[in-house]
Amino acid sequence: MKFQVHLYVYSTSIGVHNCGGSIIDDLYILTAAHCIENDMGITAIEIRVSEHSQAAGGDHVSYSAAGILPNPYYNSETSVNDNGVILLHNAIDFTEPGVAPVCLPAVGQTWSNGDQTMVSGWGLTESGGSSTPDILQVVNISFVDSTTCGSDYGYYEHEITSDMFCAYDQGAGTDSCQGDSGGPLAIYNSATGRWEQAGIVSWGIGCGFNGFPGVYSDVTQMLWWVNAIADYFSNHGDCLNSFQKSVLFSVQEQKLIQLLFNCLNSALKAVI
Ligand code: ARG
């Protein structure tokens, strides 16, 4: 899983915790907004790439953050817009073995119920468990759209909004869990012939509970934002080169992009 990232977050408000992420470009990591906080400071995060065993210690390369950009519209009450980008201090070297940027779907890409997904991370292997696995875990579960998930499952008090989707494995209890957040859910796109990151591990009620599939932040709903950030610098790896760039932004989106760039600039000034 060359695009998988392991985040160690050392924050006074959220404590030390594990999260996942994915490499979207040599300078950018995609994760969940709830894994990062605007004010937590760039030294609070250790970004590990090419990790397989967390105990072995020697198989990863650590990077530090130069900027932390949770989606400004993230709402911790509703989990809406649970996505964010970490800007790295030093660019990842894609000539190194074991690292590569994830492929992102094209703008407008949709998925179908039942599509096979691949979710990965070092999160708990049991609901409410206490220890995380040493080796990166991968599960194959099925895509469920937000409408079906909202109406057919037990989420009556937790809205599954259109920027989310679910994934589950009926009866098998296979799911992502605490510690997997921010990590990638990929779907094989037969039209492009590649695995593309469709979602970000976001939340759920317990893990693997019948009727409560894991909920993911929908990457296709935030591509304009990721795209804009990644376009700011243009040292893309292979996947981003084939990524659609001619997106027309709405006025509201343009304002948000401006806001993010201001924030990015001040983050950069702070480290240079
Ligand atoms: N919020 C969790 C985290 O911080 C992820 C929970 C995913 N839950 C699930 N049942 N799939 O790691």
# chains A, B, ... in the order shown; residues from 1 in each chain; ligands from 1
>>> residues_near_ligand(ligand="ligand 1", cutoff="9 Å", atoms="only C-alpha atoms and all ligand atoms", output="number ranges by chain")
A: 17-20, 32, 34-35, 123-124, 127, 166-168, 174-183, 201-209, 212-216
>>> select_by_dssp(residues="range 35-147 of chain A", states="strand (DSSP E)", output="ChimeraX atom specification")
/A:45-49,61-70,84-88,116-121,137-144
>>> closest_residue(among="A:Tyr155, A:Tyr73, A:Tyr28, A:Trp122", to="Val85 in chain A", atoms="only C-alpha atoms")
A:Tyr28
>>> select_by_dssp(residues="range 74-154 of chain A", states="alpha helix (DSSP H)", output="ChimeraX atom specification")
/A:146-152
>>> atom_distance(atom1="CA of Ile29 in chain A", atom2="CA of Trp111 in chain A")
23.1 Å
>>> closest_residue(among="A:Pro97, A:Gly171, A:Gly211, A:Gly114", to="Ser142 in chain A", atoms="only C-alpha atoms")
A:Gly114
>>> closest_residue(among="A:Ile135, A:Met222, A:Asp163, A:Gly128", to="Gly57 in chain A", atoms="only C-alpha atoms")
A:Ile135
>>> closest_residue(among="A:Ile187, A:Gly154, A:Pro133, A:Ser62", to="Asp115 in chain A", atoms="only C-alpha atoms")
A:Ile187
>>> closest_residue(among="A:Ala172, A:Cys103, A:Ile47, A:Ile36", to="Gln197 in chain A", atoms="only C-alpha atoms")
A:Cys103
>>> closest_residue(among="A:Ile141, A:Val61, A:Val80, A:Leu223", to="Ala33 in chain A", atoms="only C-alpha atoms")
A:Val80
>>> residues_around(residues="Tyr74 in chain A", least_positions_apart="4", cutoff="9 Å", atoms="only C-alpha atoms", output="count of residues only")
10
>>> atom_distance(atom1="CA of Ser22 in chain A", atom2="CA of Thr147 in chain A")
26.5 Å
>>> atom_distance(atom1="CA of Ile160 in chain A", atom2="CA of Thr31 in chain A")
19.1 Å
>>> residues_around(residues="Ser162 in chain A", least_positions_apart="2", cutoff="9 Å", atoms="only C-alpha atoms", output="list of chain:residue names")
A:Asp145, A:Ser146, A:Thr147, A:Ile160, A:Met164, A:Phe165, A:Asp218, A:Gln221
>>> residues_around(residues="range 100-102 of chain A", least_positions_apart="4", cutoff="6 Å", atoms="only C-alpha atoms", output="JSON list (two decimals) with N, CA and C atoms, in the first residue's frame")
[["chain", "number", "residue", "atom", "x", "y", "z"],
["A", 2, "LYS", "N", 1.42, 1.57, -1.15],
["A", 2, "LYS", "CA", 2.46, 2.60, -1.25],
["A", 2, "LYS", "C", 1.98, 4.01, -0.91],
["A", 3, "PHE", "N", 0.66, 4.21, -0.98],
["A", 3, "PHE", "CA", 0.16, 5.57, -0.71],
["A", 3, "PHE", "C", -0.32, 5.74, 0.73],
["A", 23, "ILE", "N", -0.96, 9.66, 0.50],
["A", 23, "ILE", "CA", -0.10, 10.59, -0.24],
["A", 23, "ILE", "C", -0.84, 10.97, -1.51],
["A", 24, "ILE", "N", -1.13, 12.28, -1.68],
["A", 24, "ILE", "CA", -1.80, 12.68, -2.93],
["A", 24, "ILE", "C", -0.83, 13.39, -3.86],
["A", 25, "ASP", "N", 0.28, 13.83, -3.32],
["A", 25, "ASP", "CA", 1.29, 14.51, -4.12],
["A", 25, "ASP", "C", 2.56, 14.49, -3.29],
["A", 94, "PHE", "N", 9.63, 10.25, -4.80],
["A", 94, "PHE", "CA", 8.91, 9.12, -5.41],
["A", 94, "PHE", "C", 9.84, 8.12, -6.11]]
